[in-house]
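Structure data follow from model_13.pdb (PDB, C-alpha atoms and all ligand atoms):
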ATOM      1  CA  MET X   1     236.468 203.691 149.229
ATOM      2  CA  ILE X   2     233.795 204.564 146.711
ATOM      3  CA  VAL X   3     230.083 204.158 147.071
ATOM      4  CA  LEU X   4     228.462 202.951 143.905
ATOM      5  CA  GLU X   5     224.845 204.020 143.709
ATOM      6  CA  ASP X   6     222.383 202.741 141.148
ATOM      7  CA  ASP X   7     222.285 206.164 139.472
ATOM      8  CA  THR X   8     226.048 205.859 138.824
ATOM      9  CA  LEU X   9     225.328 202.723 136.831
ATOM     10  CA  SER X  10     222.540 204.497 134.938
ATOM     11  CA  GLU X  11     224.893 207.345 134.057
ATOM     12  CA  LEU X  12     227.493 204.899 132.813
ATOM     13  CA  LYS X  13     224.896 203.103 130.719
ATOM     14  CA  SER X  14     223.661 206.232 129.087
ATOM     15  CA  SER X  15     227.173 207.462 128.342
ATOM     16  CA  TYR X  16     228.118 204.082 126.822
ATOM     17  CA  LYS X  17     224.954 204.053 124.735
ATOM     18  CA  GLN X  18     225.886 207.388 123.203
ATOM     19  CA  GLN X  19     229.433 206.363 122.326
ATOM     20  CA  LYS X  20     228.681 202.730 121.662
ATOM     21  CA  GLU X  21     231.144 201.069 119.321
ATOM     22  CA  ARG X  22     230.864 197.652 117.781
ATOM     23  CA  PHE X  23     232.802 196.008 115.004
ATOM     24  CA  LEU X  24     232.500 193.246 112.477
ATOM     25  CA  PRO X  25     234.894 190.428 113.386
ATOM     26  CA  GLU X  26     237.230 191.293 110.475
ATOM     27  CA  GLU X  27     237.558 194.828 111.883
ATOM     28  CA  SER X  28     238.177 193.771 115.478
ATOM     29  CA  PRO X  29     240.684 196.141 117.101
ATOM     30  CA  PHE X  30     241.049 193.889 120.157
ATOM     31  CA  SER X  31     243.999 191.729 121.153
ATOM     32  CA  THR X  32     241.789 189.795 123.589
ATOM     33  CA  LEU X  33     238.210 188.635 123.112
ATOM     34  CA  PHE X  34     235.935 187.157 125.766
ATOM     35  CA  VAL X  35     233.549 184.437 124.670
ATOM     36  CA  ASP X  36     230.654 183.374 126.881
ATOM     37  CA  ILE X  37     230.530 179.774 125.689
ATOM     38  CA  THR X  38     227.981 178.716 128.307
ATOM     39  CA  HIS X  39     225.682 180.216 130.902
ATOM     40  CA  ARG X  40     225.749 177.122 133.083
ATOM     41  CA  CYS X  41     227.753 177.004 136.310
ATOM     42  CA  ASN X  42     228.449 174.638 139.191
ATOM     43  CA  MET X  43     228.684 177.466 141.733
ATOM     44  CA  THR X  44     226.380 180.212 142.968
ATOM     45  CA  CYS X  45     228.792 182.986 143.945
ATOM     46  CA  LYS X  46     227.409 186.129 145.515
ATOM     47  CA  ASN X  47     229.418 188.260 143.085
ATOM     48  CA  CYS X  48     228.576 187.135 139.569
ATOM     49  CA  TYR X  49     228.226 189.587 136.707
ATOM     50  CA  ILE X  50     226.631 186.894 134.526
ATOM     51  CA  PRO X  51     224.043 185.214 136.755
ATOM     52  CA  ILE X  52     221.319 184.152 134.279
ATOM     53  CA  ARG X  53     221.546 180.370 133.876
ATOM     54  CA  ASP X  54     218.814 179.353 131.449
ATOM     55  CA  LEU X  55     220.345 180.720 128.252
ATOM     56  CA  PRO X  56     221.566 178.222 125.637
ATOM     57  CA  ASP X  57     225.225 177.365 125.117
ATOM     58  CA  MET X  58     226.971 179.155 122.279
ATOM     59  CA  PRO X  59     226.891 176.956 119.134
ATOM     60  CA  VAL X  60     230.480 176.015 118.347
ATOM     61  CA  ASP X  61     230.244 176.055 114.557
ATOM     62  CA  TRP X  62     228.904 179.581 114.740
ATOM     63  CA  LEU X  63     231.774 180.547 117.080
ATOM     64  CA  TYR X  64     234.371 179.101 114.706
ATOM     65  CA  THR X  65     233.027 181.130 111.782
ATOM     66  CA  VAL X  66     233.452 184.288 113.870
ATOM     67  CA  LEU X  67     236.984 183.303 114.917
ATOM     68  CA  GLU X  68     237.951 182.586 111.307
ATOM     69  CA  ARG X  69     237.078 186.160 110.384
ATOM     70  CA  LEU X  70     239.315 187.860 112.964
ATOM     71  CA  PRO X  71     242.094 189.919 111.381
ATOM     72  CA  ARG X  72     244.904 188.816 113.676
ATOM     73  CA  ARG X  73     245.991 186.248 116.226
ATOM     74  CA  THR X  74     243.829 186.963 119.274
ATOM     75  CA  ARG X  75     243.725 185.749 122.864
ATOM     76  CA  ILE X  76     240.370 183.993 123.106
ATOM     77  CA  ARG X  77     239.248 183.994 126.720
ATOM     78  CA  LEU X  78     236.814 181.110 127.021
ATOM     79  CA  ALA X  79     234.555 182.230 129.804
ATOM     80  CA  GLY X  80     230.970 181.841 130.844
ATOM     81  CA  ALA X  81     229.535 181.460 133.460
ATOM     82  CA  GLU X  82     231.790 178.378 133.883
ATOM     83  CA  PRO X  83     233.413 177.092 130.664
ATOM     84  CA  THR X  84     234.300 173.693 132.132
ATOM     85  CA  MET X  85     230.573 172.877 132.231
ATOM     86  CA  ARG X  86     230.892 172.182 128.513
ATOM     87  CA  GLU X  87     231.843 168.610 127.784
ATOM     88  CA  ASP X  88     233.272 169.735 124.448
ATOM     89  CA  LEU X  89     235.700 172.244 126.016
ATOM     90  CA  PRO X  90     238.731 170.174 124.856
ATOM     91  CA  GLU X  91     237.479 170.291 121.251
ATOM     92  CA  ILE X  92     236.848 174.032 121.498
ATOM     93  CA  ILE X  93     240.369 174.662 122.830
ATOM     94  CA  SER X  94     241.858 172.537 120.084
ATOM     95  CA  LYS X  95     239.888 174.375 117.385
ATOM     96  CA  VAL X  96     240.815 177.815 118.761
ATOM     97  CA  ARG X  97     244.476 176.754 118.396
ATOM     98  CA  ALA X  98     243.879 175.315 114.929
ATOM     99  CA  LEU X  99     242.403 178.649 113.836
ATOM    100  CA  GLY X 100     245.629 180.373 114.933
ATOM    101  CA  HIS X 101     244.417 181.966 118.161
ATOM    102  CA  LEU X 102     245.499 181.595 121.782
ATOM    103  CA  PRO X 103     242.948 179.889 124.040
ATOM    104  CA  VAL X 104     242.658 181.024 127.666
ATOM    105  CA  VAL X 105     240.208 179.475 130.135
ATOM    106  CA  LEU X 106     238.628 181.559 132.906
ATOM    107  CA  THR X 107     237.419 179.194 135.594
ATOM    108  CA  ASN X 108     236.251 178.698 139.141
ATOM    109  CA  GLY X 109     238.656 175.747 139.164
ATOM    110  CA  LEU X 110     236.420 173.045 140.617
ATOM    111  CA  LYS X 111     237.009 170.695 137.687
ATOM    112  CA  PHE X 112     240.705 171.549 137.541
ATOM    113  CA  GLY X 113     240.952 169.873 140.941
ATOM    114  CA  ARG X 114     241.223 166.628 138.943
ATOM    115  CA  HIS X 115     244.746 166.306 137.617
ATOM    116  CA  SER X 116     243.641 164.148 134.700
ATOM    117  CA  TYR X 117     241.357 166.970 133.526
ATOM    118  CA  VAL X 118     244.240 169.478 133.542
ATOM    119  CA  LYS X 119     246.387 167.042 131.565
ATOM    120  CA  ARG X 120     243.594 166.508 129.044
ATOM    121  CA  LEU X 121     243.194 170.247 128.409
ATOM    122  CA  LYS X 122     246.944 170.681 128.209
ATOM    123  CA  SER X 123     247.166 167.903 125.645
ATOM    124  CA  VAL X 124     244.808 169.818 123.316
ATOM    125  CA  GLY X 125     246.733 173.080 123.564
ATOM    126  CA  LEU X 126     245.678 174.921 126.707
ATOM    127  CA  ARG X 127     248.584 176.800 128.316
ATOM    128  CA  THR X 128     246.943 179.704 130.131
ATOM    129  CA  VAL X 129     244.297 179.715 132.853
ATOM    130  CA  TYR X 130     242.701 182.456 134.943
ATOM    131  CA  LEU X 131     241.726 180.838 138.246
ATOM    132  CA  SER X 132     239.310 182.501 140.636
ATOM    133  CA  LEU X 133     240.356 182.188 144.295
ATOM    134  CA  ASN X 134     238.200 184.565 146.315
ATOM    135  CA  GLY X 135     238.544 182.741 149.620
ATOM    136  CA  GLY X 136     242.303 182.234 149.515
ATOM    137  CA  LEU X 137     243.179 179.306 151.769
ATOM    138  CA  ARG X 138     240.006 179.324 153.880
ATOM    139  CA  ASP X 139     236.750 177.442 153.497
ATOM    140  CA  ASP X 140     234.851 179.955 155.624
ATOM    141  CA  LEU X 141     235.775 182.772 153.226
ATOM    142  CA  TYR X 142     234.717 180.774 150.175
ATOM    143  CA  GLU X 143     231.431 180.030 151.931
ATOM    144  CA  THR X 144     230.862 183.712 152.699
ATOM    145  CA  ILE X 145     231.756 185.006 149.249
ATOM    146  CA  ASP X 146     231.091 182.082 146.900
ATOM    147  CA  GLU X 147     228.585 180.036 148.927
ATOM    148  CA  LEU X 148     230.698 176.884 148.779
ATOM    149  CA  ALA X 149     233.397 175.517 151.082
ATOM    150  CA  CYS X 150     235.819 174.603 148.309
ATOM    151  CA  ALA X 151     239.295 175.649 149.455
ATOM    152  CA  ASP X 152     240.753 172.155 149.053
ATOM    153  CA  ARG X 153     239.492 171.760 145.491
ATOM    154  CA  LYS X 154     240.576 175.255 144.473
ATOM    155  CA  LEU X 155     244.063 174.857 145.917
ATOM    156  CA  GLN X 156     244.383 171.411 144.352
ATOM    157  CA  ALA X 157     243.448 173.008 141.028
ATOM    158  CA  LEU X 158     246.211 175.571 141.492
ATOM    159  CA  ASP X 159     248.749 172.846 142.284
ATOM    160  CA  ASN X 160     247.660 170.784 139.285
ATOM    161  CA  LEU X 161     248.030 173.752 136.969
ATOM    162  CA  LEU X 162     251.462 174.615 138.342
ATOM    163  CA  ILE X 163     252.650 170.990 138.144
ATOM    164  CA  GLU X 164     251.652 171.049 134.466
ATOM    165  CA  LYS X 165     253.584 174.329 134.088
ATOM    166  CA  MET X 166     250.556 176.271 132.918
ATOM    167  CA  ASN X 167     250.589 180.071 132.936
ATOM    168  CA  VAL X 168     248.263 180.860 135.818
ATOM    169  CA  THR X 169     246.716 184.163 136.781
ATOM    170  CA  THR X 170     244.908 184.033 140.100
ATOM    171  CA  GLY X 171     241.910 186.325 140.504
ATOM    172  CA  THR X 172     240.624 187.440 143.885
ATOM    173  CA  ILE X 173     237.770 189.818 144.618
ATOM    174  CA  LEU X 174     238.697 191.688 147.788
ATOM    175  CA  VAL X 175     235.652 192.328 149.954
ATOM    176  CA  PRO X 176     236.239 194.881 152.746
ATOM    177  CA  SER X 177     236.201 193.339 156.244
ATOM    178  CA  ILE X 178     235.728 189.837 154.833
ATOM    179  CA  ASN X 179     238.781 188.504 153.017
ATOM    180  CA  ASP X 180     241.130 191.513 153.040
ATOM    181  CA  SER X 181     242.805 190.618 156.344
ATOM    182  CA  HIS X 182     243.606 187.162 154.951
ATOM    183  CA  LEU X 183     245.509 188.636 152.001
ATOM    184  CA  PRO X 184     249.020 188.673 153.570
ATOM    185  CA  GLU X 185     248.857 184.954 154.338
ATOM    186  CA  PHE X 186     247.353 184.174 150.952
ATOM    187  CA  VAL X 187     249.867 186.221 148.963
ATOM    188  CA  ASP X 188     252.727 184.509 150.854
ATOM    189  CA  TYR X 189     251.253 181.161 149.854
ATOM    190  CA  LEU X 190     250.939 182.135 146.190
ATOM    191  CA  LEU X 191     254.490 183.472 146.055
ATOM    192  CA  GLU X 192     255.849 180.326 147.732
ATOM    193  CA  ARG X 193     254.034 178.234 145.118
ATOM    194  CA  GLY X 194     255.636 180.271 142.318
ATOM    195  CA  VAL X 195     252.516 182.036 140.993
ATOM    196  CA  LYS X 196     253.668 184.849 138.693
ATOM    197  CA  ASP X 197     250.482 186.784 138.041
ATOM    198  CA  ILE X 198     248.174 187.832 140.894
ATOM    199  CA  HIS X 199     245.084 189.893 140.156
ATOM    200  CA  LEU X 200     243.120 191.628 142.916
ATOM    201  CA  ARG X 201     239.925 193.452 142.148
ATOM    202  CA  SER X 202     236.836 195.032 143.587
ATOM    203  CA  VAL X 203     233.315 194.087 142.623
ATOM    204  CA  GLY X 204     230.957 196.158 140.505
ATOM    205  CA  ALA X 205     227.208 196.524 140.848
ATOM    206  CA  ILE X 206     226.453 194.257 137.902
ATOM    207  CA  GLY X 207     224.440 191.042 138.019
ATOM    208  CA  ASN X 208     224.642 189.601 141.524
ATOM    209  CA  TYR X 209     226.939 191.412 143.935
ATOM    210  CA  MET X 210     227.549 191.792 147.647
ATOM    211  CA  LYS X 211     226.368 195.088 149.018
ATOM    212  CA  GLU X 212     229.550 195.937 150.924
ATOM    213  CA  THR X 213     231.070 199.188 149.677
ATOM    214  CA  PRO X 214     233.823 198.058 147.277
ATOM    215  CA  TYR X 215     237.469 199.057 147.436
ATOM    216  CA  ASP X 216     238.660 201.728 145.053
ATOM    217  CA  LEU X 217     242.159 201.538 143.514
ATOM    218  CA  GLU X 218     243.829 203.240 146.463
ATOM    219  CA  GLY X 219     242.146 200.812 148.831
ATOM    220  CA  LEU X 220     243.291 197.844 146.748
ATOM    221  CA  GLU X 221     246.808 199.255 146.641
ATOM    222  CA  ASP X 222     246.829 199.660 150.431
ATOM    223  CA  CYS X 223     245.795 196.017 150.775
ATOM    224  CA  LEU X 224     248.589 194.936 148.446
ATOM    225  CA  ILE X 225     251.232 196.995 150.223
ATOM    226  CA  ASN X 226     250.078 195.659 153.578
ATOM    227  CA  ALA X 227     250.169 192.101 152.244
ATOM    228  CA  LEU X 228     253.692 192.428 150.861
ATOM    229  CA  GLY X 229     255.174 194.049 153.970
ATOM    230  CA  LYS X 230     258.911 194.554 153.520
ATOM    231  CA  SER X 231     258.860 193.092 150.026
ATOM    232  CA  THR X 232     257.107 196.282 148.913
ATOM    233  CA  GLU X 233     260.607 197.748 148.537
ATOM    234  CA  SER X 234     261.045 195.759 145.342
ATOM    235  CA  LEU X 235     257.584 196.587 143.968
ATOM    236  CA  LYS X 236     257.539 198.851 140.890
ATOM    237  CA  LYS X 237     254.448 200.311 139.263
ATOM    238  CA  THR X 238     254.444 199.465 135.557
ATOM    239  CA  GLY X 239     250.985 200.592 134.482
ATOM    240  CA  ASP X 240     248.439 203.095 135.722
ATOM    241  CA  SER X 241     244.993 204.028 134.450
ATOM    242  CA  PRO X 242     241.901 205.347 136.278
ATOM    243  CA  SER X 243     240.738 201.859 137.159
ATOM    244  CA  HIS X 244     243.683 199.520 136.683
ATOM    245  CA  ARG X 245     247.251 199.384 137.979
ATOM    246  CA  GLU X 246     250.035 196.940 137.315
ATOM    247  CA  TYR X 247     253.206 196.262 139.263
ATOM    248  CA  LEU X 248     256.277 194.080 139.079
ATOM    249  CA  LEU X 249     257.665 192.506 142.213
ATOM    250  CA  GLY X 250     261.332 191.857 141.550
ATOM    251  CA  THR X 251     261.755 190.998 137.900
ATOM    252  CA  SER X 252     259.009 188.494 137.190
ATOM    253  CA  ILE X 253     256.011 188.588 139.516
ATOM    254  CA  LYS X 254     253.132 190.659 138.248
ATOM    255  CA  PHE X 255     250.379 192.134 140.385
ATOM    256  CA  GLN X 256     247.270 193.669 138.834
ATOM    257  CA  LEU X 257     244.676 195.764 140.615
ATOM    258  CA  THR X 258     241.341 196.535 138.989
ATOM    259  CA  ALA X 259     238.622 198.624 140.583
ATOM    260  CA  TRP X 260     235.117 199.303 139.503
ATOM    261  CA  PRO X 261     234.403 201.029 137.224
ATOM    262  CA  ASP X 262     236.908 199.558 134.782
ATOM    263  CA  LEU X 263     236.377 202.139 132.086
ATOM    264  CA  GLY X 264     237.661 201.845 128.587
ATOM    265  CA  SER X 265     238.386 198.329 127.349
ATOM    266  CA  SER X 266     240.702 199.402 124.585
ATOM    267  CA  SER X 267     242.366 196.025 124.177
ATOM    268  CA  ARG X 268     239.627 193.666 125.422
ATOM    269  CA  GLY X 269     236.459 192.918 123.558
ATOM    270  CA  ARG X 270     233.605 190.449 123.689
ATOM    271  CA  ILE X 271     231.960 188.404 120.975
ATOM    272  CA  THR X 272     228.239 189.129 121.050
ATOM    273  CA  PRO X 273     225.521 186.577 120.264
ATOM    274  CA  ASP X 274     224.652 188.504 117.101
ATOM    275  CA  GLY X 275     228.155 188.114 115.683
ATOM    276  CA  PHE X 276     229.864 191.422 116.444
ATOM    277  CA  VAL X 277     232.707 192.330 118.763
ATOM    278  CA  GLU X 278     232.405 195.192 121.211
ATOM    279  CA  PRO X 279     234.429 196.628 124.111
ATOM    280  CA  MET X 280     234.227 194.192 127.001
ATOM    281  CA  PHE X 281     233.399 196.343 129.947
ATOM    282  CA  GLU X 282     230.940 198.542 128.105
ATOM    283  CA  SER X 283     229.283 195.356 126.897
ATOM    284  CA  ILE X 284     228.892 194.120 130.474
ATOM    285  CA  VAL X 285     227.449 197.399 131.677
ATOM    286  CA  LEU X 286     224.973 197.744 128.838
ATOM    287  CA  ASN X 287     224.010 194.043 129.034
ATOM    288  CA  GLU X 288     221.978 194.260 125.850
ATOM    289  CA  PHE X 289     221.657 190.496 125.583
ATOM    290  CA  SER X 290     220.082 190.134 129.027
ATOM    291  CA  TYR X 291     222.823 188.046 130.601
TER     292      TYR X 291
HETATM  293  S1  LIG X 301     231.217 184.065 139.400
HETATM  294 FE1  LIG X 301     231.800 182.439 137.966
HETATM  295  S2  LIG X 301     231.892 180.595 139.273
HETATM  296 FE2  LIG X 301     230.736 182.118 140.395
HETATM  297  S3  LIG X 301     228.587 181.754 139.900
HETATM  298 FE3  LIG X 301     229.315 183.297 138.467
HETATM  299  S4  LIG X 301     229.995 182.153 136.696
HETATM  300 FE4  LIG X 301     229.817 180.695 138.375
END
Just give me the structure as structure tokens.
Ligand code: SF4
Amino acid sequence: MIVLEDDTLSELKSSYKQQKERFLPEESPFSTLFVDITHRCNMTCKNCYIPIRDLPDMPVDWLYTVLERLPRRTRIRLAGAEPTMREDLPEIISKVRALGHLPVVLTNGLKFGRHSYVKRLKSVGLRTVYLSLNGGLRDDLYETIDELACADRKLQALDNLLIEKMNVTTGTILVPSINDSHLPEFVDYLLERGVKDIHLRSVGAIGNYMKETPYDLEGLEDCLINALGKSTESLKKTGDSPSHREYLLGTSIKFQLTAWPDLGSSSRGRITPDGFVEPMFESIVLNEFSY
């Protein structure tokens, strides 16, 4: 495991400042762009890289003018804080589609626990959702990590998304000695449900974060191998970088591991409030807009 000290963050910041890159929307090199459409949230998780809540929502007409200028079809990851706090999320999804891009919603899933809500978003063009499930199947783990006993609602959200045949990636922050021992049971559950994309990650010292020493990539990989047991025999590594690894289980189930620091967002950018796009992770670390 790695120990992330505050001076490590300072070093990262100063190195990013020196090599800082940003682009006009028409010059965006990114295939994926994150958009923080709101800073509101209905949860108060202990690990939240974007914890400031009193910033205004992103104006949609402004967002659409940025999206119109992008040079290619781009995955637009509608994030936040919690994007479902916006009542106009269906209209935003529909407009992202109309502009030729692919909308993706990153969510804590509380509102997706209502099946009618999932159907509504599907009807306007949503097909892909990243669902955060830090506590797996257990209320006590959600309470410890996310400060809310919400297992039923989260798992209902997962079922609703799968019933509607959405592409679902589940995201789980693994916290040493808290939810790691639950992973085998949780992974079994996800595989039984037919989830095809499972993302495990450690937490970085950005925004609000638990002080436990985070897993590094090797630690995350050990957790995955332990969780899969004998099935590990059919696990193949398909991607490897200093902070991210990808695997295929059999022919169709993808596992992703991401450890802090996730350096180098070559394919993922973020739309900034002043109308530029910049590499996602560097943008989070520098936090020049005081999120
Ligand atoms: S991590 Fe996501 S769900 Fe949790 S408080 Fe932050 S924005 Fe809200």
Given only C-alpha atoms and all ligand atoms, how would the per-residue table for chain X near ligand LIG 301 (chain X) read, listing every residue at most 9 Å away with its closest atom pair and distance in Å to one decimal, sorted by chain and number, as JSON lines?
{"residue": "X:His39", "atom": "CA", "partner": "X:LIG301", "partner_atom": "S4", "distance": 7.5}
{"residue": "X:Arg40", "atom": "CA", "partner": "X:LIG301", "partner_atom": "S4", "distance": 7.5}
{"residue": "X:Cys41", "atom": "CA", "partner": "X:LIG301", "partner_atom": "FE4", "distance": 4.7}
{"residue": "X:Asn42", "atom": "CA", "partner": "X:LIG301", "partner_atom": "FE4", "distance": 6.3}
{"residue": "X:Met43", "atom": "CA", "partner": "X:LIG301", "partner_atom": "S3", "distance": 4.7}
{"residue": "X:Thr44", "atom": "CA", "partner": "X:LIG301", "partner_atom": "S3", "distance": 4.1}
{"residue": "X:Cys45", "atom": "CA", "partner": "X:LIG301", "partner_atom": "FE2", "distance": 4.1}
{"residue": "X:Lys46", "atom": "CA", "partner": "X:LIG301", "partner_atom": "S3", "distance": 7.2}
{"residue": "X:Asn47", "atom": "CA", "partner": "X:LIG301", "partner_atom": "S1", "distance": 5.9}
{"residue": "X:Cys48", "atom": "CA", "partner": "X:LIG301", "partner_atom": "S1", "distance": 4.1}
{"residue": "X:Tyr49", "atom": "CA", "partner": "X:LIG301", "partner_atom": "FE3", "distance": 6.6}
{"residue": "X:Ile50", "atom": "CA", "partner": "X:LIG301", "partner_atom": "FE3", "distance": 6.0}
{"residue": "X:Pro51", "atom": "CA", "partner": "X:LIG301", "partner_atom": "FE3", "distance": 5.9}
{"residue": "X:Ala79", "atom": "CA", "partner": "X:LIG301", "partner_atom": "S4", "distance": 8.3}
{"residue": "X:Gly80", "atom": "CA", "partner": "X:LIG301", "partner_atom": "S4", "distance": 5.9}
{"residue": "X:Ala81", "atom": "CA", "partner": "X:LIG301", "partner_atom": "S4", "distance": 3.3}
{"residue": "X:Glu82", "atom": "CA", "partner": "X:LIG301", "partner_atom": "S4", "distance": 5.0}
{"residue": "X:Pro83", "atom": "CA", "partner": "X:LIG301", "partner_atom": "S4", "distance": 8.6}
{"residue": "X:Leu106", "atom": "CA", "partner": "X:LIG301", "partner_atom": "FE1", "distance": 8.5}
{"residue": "X:Thr107", "atom": "CA", "partner": "X:LIG301", "partner_atom": "S2", "distance": 6.8}
{"residue": "X:Asn108", "atom": "CA", "partner": "X:LIG301", "partner_atom": "S2", "distance": 4.8}
{"residue": "X:Gly109", "atom": "CA", "partner": "X:LIG301", "partner_atom": "S2", "distance": 8.3}
{"residue": "X:Leu110", "atom": "CA", "partner": "X:LIG301", "partner_atom": "S2", "distance": 8.9}
{"residue": "X:Ser132", "atom": "CA", "partner": "X:LIG301", "partner_atom": "S2", "distance": 7.8}
{"residue": "X:Asp146", "atom": "CA", "partner": "X:LIG301", "partner_atom": "FE2", "distance": 6.5}
{"residue": "X:Asn208", "atom": "CA", "partner": "X:LIG301", "partner_atom": "FE3", "distance": 8.4}
Restricting the output to C-alpha atoms, write the selected residues as an mmCIF file, keeping the file's coordinate frame.
data_model
loop_
_atom_site.group_PDB
_atom_site.id
_atom_site.type_symbol
_atom_site.label_atom_id
_atom_site.label_comp_id
_atom_site.auth_asym_id
_atom_site.auth_seq_id
_atom_site.Cartn_x
_atom_site.Cartn_y
_atom_site.Cartn_z
ATOM 1 C CA HIS X 39 225.682 180.216 130.902
ATOM 2 C CA ARG X 40 225.749 177.122 133.083
ATOM 3 C CA CYS X 41 227.753 177.004 136.310
ATOM 4 C CA ASN X 42 228.449 174.638 139.191
ATOM 5 C CA MET X 43 228.684 177.466 141.733
ATOM 6 C CA THR X 44 226.380 180.212 142.968
ATOM 7 C CA CYS X 45 228.792 182.986 143.945
ATOM 8 C CA LYS X 46 227.409 186.129 145.515
ATOM 9 C CA ASN X 47 229.418 188.260 143.085
ATOM 10 C CA CYS X 48 228.576 187.135 139.569
ATOM 11 C CA TYR X 49 228.226 189.587 136.707
ATOM 12 C CA ILE X 50 226.631 186.894 134.526
ATOM 13 C CA PRO X 51 224.043 185.214 136.755
ATOM 14 C CA ALA X 79 234.555 182.230 129.804
ATOM 15 C CA GLY X 80 230.970 181.841 130.844
ATOM 16 C CA ALA X 81 229.535 181.460 133.460
ATOM 17 C CA GLU X 82 231.790 178.378 133.883
ATOM 18 C CA PRO X 83 233.413 177.092 130.664
ATOM 19 C CA LEU X 106 238.628 181.559 132.906
ATOM 20 C CA THR X 107 237.419 179.194 135.594
ATOM 21 C CA ASN X 108 236.251 178.698 139.141
ATOM 22 C CA GLY X 109 238.656 175.747 139.164
ATOM 23 C CA LEU X 110 236.420 173.045 140.617
ATOM 24 C CA SER X 132 239.310 182.501 140.636
ATOM 25 C CA ASP X 146 231.091 182.082 146.900
ATOM 26 C CA ASN X 208 224.642 189.601 141.524
#
(request) Starting from the point (257.8, 199.6, 132.2), work out which residues of protein, DNA or RNA have an atom no more than 12 Å away when counting all atoms listed in the file; state them as a VMD selection string. (result) chain X and resid 236 to 240 246 to 248 251 254
Select from segment 182-220 of chain X every residue with an atom at most 10 Å from any atom of segment 155-164 of chain X, then for each give the shortest pair of atoms and their distance in Å to one decimal, using all atoms listed in the file, rows by chain and rising number, as CSV.
residue,atom,partner,partner_atom,distance
X:Leu190,CA,X:Leu158,CA,9.4
X:Arg193,CA,X:Asp159,CA,8.1
X:Gly194,CA,X:Leu162,CA,8.1
X:Val195,CA,X:Leu162,CA,8.0
(request) Taking the file as shown, find all residues satisfying the PyMOL selection byres (((chain X and resi 290) around 12) and not hetatm) and write them as a ChimeraX atom specification. (result) /X:39,49-55,206-207,272-273,283-289,291
(message) Measuring between only C-alpha atoms, which one of X:Ala149, X:Val60, X:Val66, X:Ile76 shows the shortest distance to Phe34 of chain X?
(response) X:Ile76
(request) For each of X:Ile92, X:Ile225, X:Cys150, X:Val105, take the minimum atom-to-atom distance to Leu63 of chain X, counting all atoms listed in the file, then give the residue where this is smallest. (result)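 Selected residue with least distance to Leu63 of chain X: X:Ile92.
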(message) One number please: atom CA of Pro176 of chain X to atom CA of Leu148 of chain X, in Å, one decimal.
(response) 19.2 Å
(message) Given the PyMOL selection byres (((chain X and resi 22) around 10) and not hetatm) and the file above, list the residues it selects as a list in words.
(response)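 Applying the PyMOL selection byres (((chain X and resi 22) around 10) and not hetatm) to the structure shown produces Gln19, Lys20, Glu21, Phe23, Leu24, Pro25, Glu27, Ser28, Pro29, Gly269, Arg270, Ile271, Thr272, Phe276, Val277, Glu278, Pro279 and Ser283 of chain X.
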